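Structure below is input17.cif: mmCIF, C-alpha atoms.
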```
data_input
#
loop_
_atom_site.label_atom_id
_atom_site.label_comp_id
_atom_site.auth_asym_id
_atom_site.auth_seq_id
_atom_site.Cartn_x
_atom_site.Cartn_y
_atom_site.Cartn_z
CA MET A 1 -59.61 -30.31 15.78
CA THR A 2 -59.39 -29.46 12.09
CA GLU A 3 -59.08 -32.20 9.55
CA ILE A 4 -55.61 -33.17 8.38
CA THR A 5 -55.27 -32.36 4.68
CA HIS A 6 -51.54 -32.76 4.02
CA HIS A 7 -50.59 -36.42 4.37
CA ILE A 8 -47.57 -38.69 3.86
CA PRO A 9 -47.26 -39.57 0.14
CA ASP A 10 -47.37 -43.26 -0.70
CA ALA A 11 -43.73 -43.72 -1.73
CA LEU A 12 -42.62 -42.13 1.53
CA MET A 13 -44.96 -44.38 3.51
CA ALA A 14 -43.57 -47.42 1.66
CA ALA A 15 -40.03 -46.31 2.52
CA TYR A 16 -41.01 -45.88 6.18
CA THR A 17 -42.79 -49.26 6.43
CA THR A 18 -39.95 -51.13 4.77
CA GLY A 19 -37.41 -49.39 6.96
CA SER A 20 -35.36 -47.66 4.31
CA LEU A 21 -36.29 -44.16 5.48
CA ARG A 22 -33.60 -42.62 7.67
CA GLU A 23 -34.21 -41.73 11.28
CA PRO A 24 -34.96 -37.97 11.04
CA TYR A 25 -37.73 -38.53 8.50
CA ALA A 26 -38.90 -41.74 10.16
CA LEU A 27 -39.56 -39.76 13.34
CA VAL A 28 -41.78 -37.33 11.42
CA VAL A 29 -43.69 -40.21 9.80
CA ALA A 30 -44.10 -42.08 13.12
CA THR A 31 -45.38 -38.88 14.75
CA HIS A 32 -47.80 -38.15 11.91
CA LEU A 33 -49.04 -41.77 12.11
CA SER A 34 -49.80 -41.18 15.78
CA MET A 35 -52.08 -38.29 14.74
CA CYS A 36 -53.63 -39.43 11.44
CA LEU A 37 -55.90 -42.45 10.95
CA GLU A 38 -55.91 -42.15 7.18
CA CYS A 39 -52.14 -42.61 7.04
CA ARG A 40 -52.36 -45.35 9.69
CA ALA A 41 -54.60 -47.28 7.30
CA SER A 42 -52.10 -46.79 4.49
CA TYR A 43 -49.25 -47.92 6.78
CA GLU A 44 -51.10 -51.06 7.79
CA ALA A 45 -51.85 -51.81 4.14
CA HIS A 46 -48.13 -51.66 3.38
CA GLN A 47 -47.51 -54.00 6.30
CA ALA A 48 -50.00 -56.44 4.76
CA LEU A 49 -47.96 -56.35 1.57
CA GLY A 50 -44.74 -56.87 3.54
CA GLY A 51 -46.44 -59.83 5.21
CA ALA A 52 -47.33 -61.29 1.81
CA VAL A 53 -43.67 -61.01 0.75
CA LEU A 54 -42.60 -62.68 4.01
CA GLU A 55 -45.13 -65.52 3.49
CA THR A 56 -43.88 -66.25 0.00
CA THR A 57 -40.16 -65.90 0.67
CA CYS A 58 -37.78 -68.87 0.43
CA GLU A 59 -37.53 -70.70 3.73
CA ALA A 60 -34.21 -71.38 5.43
CA ASP A 61 -33.77 -74.30 7.83
CA VAL A 62 -33.55 -73.24 11.44
CA SER A 63 -31.50 -75.10 14.00
CA GLU A 64 -33.16 -77.20 16.70
CA ALA A 65 -31.26 -75.15 19.27
CA LEU A 66 -33.07 -71.99 18.16
CA LYS A 67 -36.45 -73.53 18.82
CA SER A 68 -35.50 -74.94 22.22
CA ASP A 69 -33.87 -71.60 23.19
CA VAL A 70 -36.98 -69.67 22.27
CA MET A 71 -39.29 -72.09 24.08
CA ALA A 72 -37.08 -71.96 27.17
CA LEU A 73 -37.17 -68.17 27.20
CA LEU A 74 -40.94 -67.78 26.95
CA ASP A 75 -41.41 -67.62 30.70
CA ALA A 76 -38.20 -65.74 31.44
CA PRO A 77 -38.88 -62.43 33.13
CA VAL A 78 -38.12 -59.41 30.97
CA ALA A 79 -37.65 -55.82 31.94
CA ASP A 80 -40.47 -53.71 30.58
CA GLU A 81 -39.37 -51.37 27.87
CA PRO A 82 -40.40 -47.82 28.67
CA VAL A 83 -43.47 -46.77 26.70
CA HIS A 84 -43.40 -43.04 26.12
CA LYS A 85 -46.89 -41.64 26.19
CA ARG A 86 -48.21 -38.55 24.53
CA SER A 87 -47.63 -35.45 26.63
CA GLY A 88 -49.39 -32.22 25.73
CA VAL A 89 -48.92 -31.55 22.03
CA TYR A 90 -46.09 -34.10 21.79
CA PRO A 91 -47.13 -37.58 20.58
CA GLY A 92 -45.38 -40.72 21.86
CA PRO A 93 -42.60 -40.91 19.24
CA ILE A 94 -41.44 -37.37 20.11
CA MET A 95 -41.59 -38.12 23.83
CA ALA A 96 -39.45 -41.19 23.12
CA ALA A 97 -36.93 -39.00 21.26
CA LEU A 98 -36.99 -36.59 24.24
CA LYS A 99 -36.52 -39.61 26.57
CA GLY A 100 -39.69 -38.61 28.38
CA ARG A 101 -38.44 -35.14 29.34
CA ALA A 102 -39.82 -31.73 28.39
CA PRO A 103 -38.08 -30.07 25.42
CA LYS A 104 -35.07 -27.88 26.20
CA TRP A 105 -35.50 -24.83 24.02
CA LYS A 106 -32.65 -22.70 22.67
CA SER A 107 -33.32 -19.25 21.31
CA LEU A 108 -32.67 -18.50 17.65
CA GLY A 109 -33.67 -14.84 18.01
CA LEU A 110 -36.90 -12.99 17.22
CA GLY A 111 -38.74 -15.24 19.65
CA VAL A 112 -38.00 -18.31 17.55
CA ARG A 113 -36.72 -21.32 19.50
CA GLN A 114 -35.50 -24.78 18.64
CA CYS A 115 -34.80 -28.06 20.36
CA ILE A 116 -32.62 -30.50 18.44
CA LEU A 117 -33.77 -34.09 18.87
CA SER A 118 -31.04 -35.74 16.85
CA GLY A 119 -28.52 -34.81 14.26
CA ASN A 120 -25.53 -36.23 12.48
CA ALA A 121 -23.90 -36.09 9.07
CA GLU A 122 -26.91 -37.70 7.46
CA GLY A 123 -29.53 -35.29 8.66
CA SER A 124 -31.27 -33.85 11.66
CA VAL A 125 -34.65 -33.50 13.27
CA ARG A 126 -35.74 -30.76 15.66
CA LEU A 127 -38.67 -29.07 17.31
CA LEU A 128 -39.32 -25.46 16.33
CA TYR A 129 -41.28 -22.86 18.28
CA ILE A 130 -42.41 -19.90 16.20
CA PRO A 131 -44.41 -16.95 17.56
CA PRO A 132 -47.31 -15.69 15.43
CA GLY A 133 -46.19 -13.63 12.45
CA GLN A 134 -42.62 -14.97 12.50
CA ALA A 135 -41.06 -16.97 9.68
CA VAL A 136 -40.33 -20.66 10.16
CA PRO A 137 -36.53 -20.97 9.94
CA ASP A 138 -35.10 -22.63 6.86
CA HIS A 139 -33.84 -26.08 7.72
CA GLY A 140 -30.96 -25.56 5.34
CA HIS A 141 -31.87 -28.59 3.31
CA ASN A 142 -30.25 -30.09 0.23
CA GLY A 143 -32.89 -32.66 -0.46
CA LEU A 144 -36.13 -33.41 1.30
CA GLU A 145 -37.39 -31.23 4.12
CA MET A 146 -40.38 -32.38 6.19
CA THR A 147 -42.28 -30.13 8.57
CA LEU A 148 -45.11 -31.46 10.75
CA VAL A 149 -47.34 -29.05 12.71
CA LEU A 150 -47.97 -29.99 16.36
CA GLN A 151 -49.59 -26.77 17.57
CA GLY A 152 -50.92 -23.64 15.83
CA SER A 153 -50.48 -23.32 12.08
CA PHE A 154 -48.36 -21.76 9.35
CA SER A 155 -48.98 -20.64 5.81
CA ASP A 156 -46.79 -20.18 2.77
CA GLU A 157 -47.04 -19.88 -0.99
CA THR A 158 -48.20 -23.50 -1.25
CA GLY A 159 -51.00 -23.47 1.31
CA TRP A 160 -52.13 -23.59 4.92
CA PHE A 161 -50.78 -26.16 7.37
CA GLY A 162 -52.60 -26.92 10.62
CA VAL A 163 -52.10 -29.49 13.40
CA GLY A 164 -51.18 -32.88 11.93
CA ASP A 165 -50.37 -31.52 8.47
CA VAL A 166 -46.99 -32.32 6.91
CA GLU A 167 -45.28 -30.03 4.43
CA LEU A 168 -42.78 -31.66 2.09
CA ALA A 169 -40.28 -29.45 0.31
CA ASP A 170 -37.34 -30.15 -1.95
CA GLN A 171 -34.59 -27.73 -2.79
CA GLU A 172 -36.54 -26.39 -5.75
CA LEU A 173 -39.33 -25.05 -3.58
CA GLU A 174 -38.71 -21.42 -2.64
CA HIS A 175 -41.12 -20.83 0.18
CA THR A 176 -41.44 -18.69 3.26
CA PRO A 177 -43.71 -20.28 5.83
CA ILE A 178 -45.06 -17.77 8.37
CA ALA A 179 -46.71 -18.75 11.66
CA ASP A 180 -50.34 -17.67 11.73
CA ALA A 181 -52.04 -15.60 14.41
CA GLY A 182 -53.15 -17.59 17.44
CA PRO A 183 -51.05 -19.86 19.66
CA PRO A 184 -47.33 -20.10 18.83
CA CYS A 185 -46.66 -22.63 16.09
CA ILE A 186 -44.76 -25.73 17.23
CA CYS A 187 -43.41 -27.98 14.47
CA LEU A 188 -41.29 -31.07 14.06
CA ALA A 189 -38.83 -30.52 11.23
CA ALA A 190 -36.52 -33.02 9.54
CA THR A 191 -33.86 -32.41 6.93
CA ASP A 192 -31.01 -34.28 5.33
CA ALA A 193 -28.67 -31.33 5.76
CA PRO A 194 -25.85 -31.97 8.21
CA LEU A 195 -26.21 -30.27 11.52
CA ARG A 196 -24.20 -27.05 11.48
CA PHE A 197 -22.37 -25.57 14.44
CA ASN A 198 -25.04 -23.41 15.97
CA SER A 199 -27.58 -24.73 13.56
CA PHE A 200 -29.74 -22.57 11.48
CA MET A 201 -30.85 -19.02 11.67
CA PRO A 202 -34.11 -17.27 11.18
CA ARG A 203 -34.91 -16.91 7.52
CA LEU A 204 -34.75 -13.12 7.65
CA LEU A 205 -31.05 -13.25 8.52
CA GLN A 206 -30.13 -15.63 5.75
CA PRO A 207 -29.50 -13.04 3.03
CA ILE A 208 -27.06 -11.31 5.37
CA PHE A 209 -25.16 -14.44 6.27
CA ARG A 210 -25.61 -16.05 2.87
CA ILE A 211 -26.30 -19.51 4.23
CA MET B 1 -52.23 -66.59 16.92
CA LEU B 2 -55.42 -65.89 18.88
CA ALA B 3 -54.76 -68.93 21.07
CA VAL B 4 -51.33 -67.50 21.77
CA ARG B 5 -52.78 -64.09 22.54
CA ASP B 6 -55.76 -65.12 24.63
CA GLN B 7 -54.81 -68.47 26.19
CA ARG B 8 -51.01 -68.07 26.14
CA ASP B 9 -51.09 -71.46 24.43
CA LYS B 10 -47.54 -72.77 23.97
CA ALA B 11 -48.53 -75.56 21.59
CA ALA B 12 -50.13 -72.93 19.34
CA PHE B 13 -46.95 -70.88 19.62
CA VAL B 14 -44.93 -73.91 18.45
CA SER B 15 -47.03 -74.03 15.26
CA LEU B 16 -46.50 -70.30 14.75
CA PHE B 17 -42.78 -70.84 15.25
CA ASP B 18 -42.68 -73.76 12.80
CA HIS B 19 -44.46 -71.69 10.18
CA PHE B 20 -42.70 -68.36 10.57
CA ALA B 21 -39.19 -69.06 11.88
CA PRO B 22 -37.88 -70.61 8.58
CA ARG B 23 -39.56 -67.86 6.55
CA LEU B 24 -38.15 -65.16 8.80
CA LYS B 25 -34.69 -66.65 8.60
CA GLY B 26 -34.88 -66.87 4.81
CA PHE B 27 -36.21 -63.33 4.65
CA ILE B 28 -33.47 -61.92 6.90
CA MET B 29 -30.68 -63.82 5.13
CA ARG B 30 -31.76 -62.41 1.78
CA SER B 31 -30.45 -59.01 2.84
CA GLY B 32 -27.00 -60.53 3.34
CA THR B 33 -27.15 -61.39 7.04
CA GLY B 34 -25.26 -64.57 7.97
CA SER B 35 -27.04 -67.63 9.31
CA GLY B 36 -25.94 -67.15 12.92
CA GLN B 37 -26.99 -63.53 13.20
CA ALA B 38 -30.20 -64.26 11.31
CA GLU B 39 -31.12 -66.85 13.94
CA GLU B 40 -30.44 -64.34 16.70
CA ILE B 41 -32.85 -61.92 15.05
CA VAL B 42 -35.44 -64.67 14.52
CA GLN B 43 -35.18 -65.49 18.23
CA GLU B 44 -35.80 -61.85 19.21
CA VAL B 45 -38.70 -61.55 16.77
CA MET B 46 -40.44 -64.74 17.93
CA LEU B 47 -40.01 -63.75 21.58
CA THR B 48 -41.51 -60.33 20.78
CA VAL B 49 -44.44 -62.08 19.11
CA TRP B 50 -45.03 -64.02 22.33
CA ARG B 51 -44.56 -61.06 24.66
CA LYS B 52 -46.51 -58.50 22.65
CA ALA B 53 -49.27 -60.85 21.51
CA ALA B 54 -51.83 -58.70 23.35
CA LEU B 55 -51.23 -55.95 20.78
CA PHE B 56 -52.19 -58.19 17.86
CA ASP B 57 -55.59 -57.22 16.46
CA PRO B 58 -57.01 -59.68 13.88
CA GLY B 59 -59.54 -57.08 12.71
CA ARG B 60 -56.73 -54.86 11.49
CA ALA B 61 -53.75 -57.01 10.67
CA GLN B 62 -52.79 -60.36 9.29
CA VAL B 63 -50.35 -62.27 11.46
CA SER B 64 -47.79 -62.15 8.62
CA GLY B 65 -48.04 -58.35 8.26
CA TRP B 66 -47.72 -57.87 12.00
CA ILE B 67 -44.70 -60.16 12.21
CA TYR B 68 -43.19 -58.52 9.11
CA GLN B 69 -43.13 -55.16 10.91
CA ILE B 70 -41.67 -56.60 14.11
CA ALA B 71 -38.93 -58.27 12.03
CA ARG B 72 -38.09 -55.12 10.04
CA ASN B 73 -37.95 -53.00 13.20
CA ARG B 74 -35.66 -55.51 14.86
CA GLN B 75 -33.40 -55.78 11.80
CA ILE B 76 -33.04 -52.00 11.65
CA ASP B 77 -32.27 -51.74 15.37
CA VAL B 78 -29.56 -54.37 14.95
CA ILE B 79 -28.05 -53.14 11.69
CA ARG B 80 -28.15 -49.40 12.29
CA LYS B 81 -27.75 -49.57 16.04
CA GLU B 82 -30.52 -47.06 16.43
CA ASN B 83 -34.02 -47.34 17.79
CA ARG B 84 -36.45 -46.98 15.00
CA PRO B 85 -39.18 -44.39 15.67
CA VAL B 86 -42.51 -46.21 15.88
CA PRO B 87 -46.04 -44.78 16.10
CA GLU B 88 -48.14 -44.95 19.23
CA GLU B 89 -50.03 -48.22 19.60
CA LEU B 90 -53.77 -48.13 19.15
CA TYR B 91 -55.98 -50.00 21.56
CA GLU B 92 -59.44 -51.37 21.10
CA ASP B 93 -62.17 -49.67 23.02
CA GLN B 94 -64.04 -52.09 25.25
CA GLY B 95 -66.74 -53.86 23.32
CA SER B 96 -65.52 -52.95 19.85
CA ALA B 97 -63.77 -56.24 19.21
CA PRO B 98 -63.80 -57.15 15.50
CA ASP B 99 -66.45 -59.61 14.44
CA ALA B 100 -65.70 -62.83 12.60
CA SER B 101 -66.73 -61.45 9.20
CA GLN B 102 -64.12 -58.69 9.44
CA ILE B 103 -61.42 -61.23 10.21
CA VAL B 104 -62.51 -63.46 7.34
CA GLY B 105 -62.65 -60.44 5.00
CA LEU B 106 -59.12 -59.48 5.93
CA GLU B 107 -57.88 -63.03 5.37
CA GLN B 108 -59.51 -63.06 1.97
CA GLU B 109 -57.83 -59.82 0.99
CA ALA B 110 -54.48 -61.08 2.19
CA SER B 111 -54.84 -64.22 0.13
CA GLU B 112 -55.77 -62.15 -2.95
CA LEU B 113 -52.70 -60.05 -2.25
CA ARG B 114 -50.47 -63.14 -2.25
CA GLN B 115 -52.05 -64.33 -5.49
CA ALA B 116 -51.55 -60.92 -7.09
CA LEU B 117 -47.88 -61.12 -6.05
CA GLY B 118 -47.63 -64.59 -7.57
CA ARG B 119 -49.01 -63.35 -10.90
CA LEU B 120 -46.38 -60.64 -11.33
CA LYS B 121 -43.61 -61.00 -13.88
CA PRO B 122 -40.39 -62.21 -12.24
CA ASP B 123 -38.61 -58.84 -12.55
CA GLN B 124 -41.59 -56.97 -11.11
CA ARG B 125 -41.86 -59.42 -8.29
CA GLU B 126 -38.19 -59.06 -7.57
CA MET B 127 -38.62 -55.29 -7.37
CA ILE B 128 -41.48 -55.60 -4.85
CA GLU B 129 -39.38 -58.02 -2.81
CA LYS B 130 -36.43 -55.65 -2.84
CA ALA B 131 -38.67 -52.79 -1.71
CA TYR B 132 -40.14 -54.76 1.20
CA LEU B 133 -36.76 -56.11 2.22
CA GLY B 134 -35.85 -52.45 2.73
CA GLU B 135 -33.38 -52.35 -0.14
CA LEU B 136 -34.95 -49.48 -2.08
CA THR B 137 -34.61 -45.91 -0.88
CA HIS B 138 -37.48 -43.45 -0.89
CA GLN B 139 -36.10 -41.90 -4.10
CA GLU B 140 -35.85 -45.31 -5.74
CA ILE B 141 -39.39 -46.25 -4.78
CA LYS B 142 -40.60 -42.88 -6.05
CA SER B 143 -38.78 -43.11 -9.36
CA GLN B 144 -39.52 -46.79 -10.01
CA THR B 145 -42.00 -46.37 -12.80
CA GLY B 146 -41.69 -50.10 -13.43
CA LEU B 147 -42.62 -50.92 -9.86
CA PRO B 148 -45.98 -52.67 -10.05
CA LEU B 149 -47.20 -50.90 -6.95
CA GLY B 150 -50.27 -49.86 -8.95
CA THR B 151 -51.48 -53.43 -9.46
CA ILE B 152 -50.74 -54.30 -5.91
CA LYS B 153 -52.15 -51.10 -4.52
CA SER B 154 -55.52 -51.65 -6.14
CA ARG B 155 -55.70 -54.67 -3.85
CA ILE B 156 -54.60 -52.65 -0.88
CA ARG B 157 -57.03 -49.84 -1.67
CA LEU B 158 -59.92 -52.25 -1.24
CA GLY B 159 -58.87 -52.71 2.30
CA LEU B 160 -58.07 -49.09 3.01
CA GLU B 161 -61.62 -47.86 3.40
CA ARG B 162 -62.41 -50.74 5.69
CA LEU B 163 -59.26 -50.19 7.71
CA ARG B 164 -60.02 -46.53 8.08
CA HIS B 165 -63.48 -47.41 9.33
CA GLU B 166 -61.95 -49.88 11.78
CA LEU B 167 -59.49 -47.37 13.11
CA LYS B 168 -62.19 -44.86 13.96
CA ASP B 169 -63.08 -47.02 16.94
CA MET B 170 -59.53 -47.10 18.17
CA ARG B 171 -57.73 -44.80 20.51
CA SER B 172 -54.13 -44.33 21.42
CA ASP B 173 -53.29 -44.86 25.03
CA ASP B 174 -53.16 -41.34 26.39
#
```

As structure tokens, how would this structure be written, given the file I've shared?
Amino acid sequence: MTEITHHIPDALMAAYTTGSLREPYALVVATHLSMCLECRASYEAHQALGGAVLETTCEADVSEALKSDVMALLDAPVADEPVHKRSGVYPGPIMAALKGRAPKWKSLGLGVRQCILSGNAEGSVRLLYIPPGQAVPDHGHNGLEMTLVLQGSFSDETGWFGVGDVELADQELEHTPIADAGPPCICLAATDAPLRFNSFMPRLLQPIFRI
Amino acid sequence: MLAVRDQRDKAAFVSLFDHFAPRLKGFIMRSGTGSGQAEEIVQEVMLTVWRKAALFDPGRAQVSGWIYQIARNRQIDVIRKENRPVPEELYEDQGSAPDASQIVGLEQEASELRQALGRLKPDQREMIEKAYLGELTHQEIKSQTGLPLGTIKSRIRLGLERLRHELKDMRSDD
């Protein structure tokens, strides 16, 4: 496996650790963390800082009932939460988003396929399947767009992105990522753009439809 | 915490509870949650600490950092009614348990971190607290030139190399 060279920037990692990052992006960060030890170390360092804040925060008196309730519940049986394990190129967080099932692909034309994992007015996150030589569809973003490679690779004006690499783009970046030769490129892509009716189209069609 | 993890020691858990429950409640109430709901979250967090104790690794995390993350995840699940995406857990390979010097080293760093926090100017400290309470967005964290993350991060950086080395011996459960 090639070395990961495009990581999660520190401010983004801080936002993820502290929980202020919204769900579409948080899924990309959690997936990258499942693939990248360097970012895992950075994540755990932010947790240490969070722990220091927790240690030095003002205490609030807790009721006696809380303590006795907790102690009484220690031995209570609990249903195991499902742990979604990595499956093929999909790390645990993606399998959790897929509820343990294989992705259901929908064609976008030109061999490009997508599988929407979640989407609402605040943003969306999806899997993309791009055959070699095809352009990665534009996520139609207004703000931050994050693309994490799970299989294969793509290249654009800014560089080469292989398995585990994350590309961050804002609306100022005009780029056309193209899947490289080799196995089809599978990516996890998050955007803050609202999910549109049939979602987005291959980049080549955009000038025609002016989206 | 290790007595809780390895011996399922309830007396040790009581001391953990007495230390962390009031801090957790104070921490949760600072983001505007009422006392009753804060106690419900504290209950969930402390029960998770008991149930998931096997995942605690003293060579990688301080108890407070580990509990911090459990608490934030729980708060987000409750407030946003969504399950927060979390990374795969890493497990120790057999025989690669951290030695005592690693644990002591980590404790030392954590205590330096707390001291560094204590030395910040009040407004800087408030900013760090806001960030770790989850009240600053990614954009705000990015644009906070006054955020003393630099000072703090120099402390964290010390630990990063060590952590990275630690993690090399870990695997995810696949």

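Proximity of B:Lys52, B:Tyr91, B:Leu2, B:Ala21 to chain A, computed with all atoms listed in the file, is greatest for B:Ala21.
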
Correct to one decimal, the distance atom CA of A:Val78-atom CA of B:Thr48 is 10.8 Å

Answer key for the PyMOL selection byres ((chain A and resi 39-48) around 7), residues as number ranges by chain
A: 7-8, 13-14, 17, 33, 36-38, 49-52; B: 62, 65-66, 68-69, 110, 156, 160, 163-164

| message | Could you list, as a list of chain:residue names, every residue within 7 Å of stretch 53-59 of chain B, counting only C-alpha atoms and ignoring same-chain residues fewer than 4 positions away? | response | B:Val4, B:Arg5, B:Val49, B:Pro98, B:Gln102, B:Ile103

Would you write out those residues with C-alpha atoms, as an mmCIF file, in the frame of the given file?
```
data_model
loop_
_atom_site.group_PDB
_atom_site.id
_atom_site.type_symbol
_atom_site.label_atom_id
_atom_site.label_comp_id
_atom_site.auth_asym_id
_atom_site.auth_seq_id
_atom_site.Cartn_x
_atom_site.Cartn_y
_atom_site.Cartn_z
ATOM 1 C CA VAL B 4 -51.330 -67.500 21.770
ATOM 2 C CA ARG B 5 -52.780 -64.090 22.540
ATOM 3 C CA VAL B 49 -44.440 -62.080 19.110
ATOM 4 C CA PRO B 98 -63.800 -57.150 15.500
ATOM 5 C CA GLN B 102 -64.120 -58.690 9.440
ATOM 6 C CA ILE B 103 -61.420 -61.230 10.210
#
```

Would you place a box with edges along x, y and z of the file around all atoms of stretch 99-118 of chain A listed there, add 3 Å to each of its six sides, and report the centre and edge lengths in Å to one decimal, as AutoDock Vina command-line options?
```
--center_x -35.4 --center_y -26.3 --center_z 23.1 --size_x 14.8 --size_y 32.6 --size_z 18.5
```

Please write the residues picked by the PyMOL selection byres ((chain B and resi 12-18) around 10) on this file as a list in words. Val62, Lys67, Val70, Met71 and Leu74 of chain A; Met1, Leu2, Ala3, Val4, Arg5, Gln7, Arg8, Asp9, Lys10, Ala11, His19, Phe20, Ala21, Pro22, Arg23, Leu24, Val42, Gln43, Met46, Leu47, Val49, Trp50 and Val63 of chain B

Under the PyMOL selection byres ((chain A and resi 29) around 12), which residues of this model are included? Write them out as an NGL selection string. (:A and (7-10 or 12-17 or 19 or 21-28 or 30-36 or 39-40 or 42-43 or 91 or 93-94 or 125 or 146-148 or 164-168 or 188-190)) or (:B and (84-88))

Of A:Pro77, A:Gly162, A:Gly143, A:Pro177, the one nearest to A:Ile130 when counting all atoms listed in the file is A:Pro177

Let me make sure I understand: among A:Thr5, A:Thr56, A:Gln151, A:Ser107, which one has the smallest atom-to-atom distance to chain B if we use only C-alpha atoms?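 Using only C-alpha atoms, chain B sits closest to A:Thr56.
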
With distances taken over all atoms listed in the file, which of B:Asn83, B:Ser143, B:Gln37, B:Gln124 is nearest to A:Ala97?
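Of B:Asn83, B:Ser143, B:Gln37, B:Gln124, the one nearest A:Ala97, counting all atoms listed in the file, is B:Asn83.
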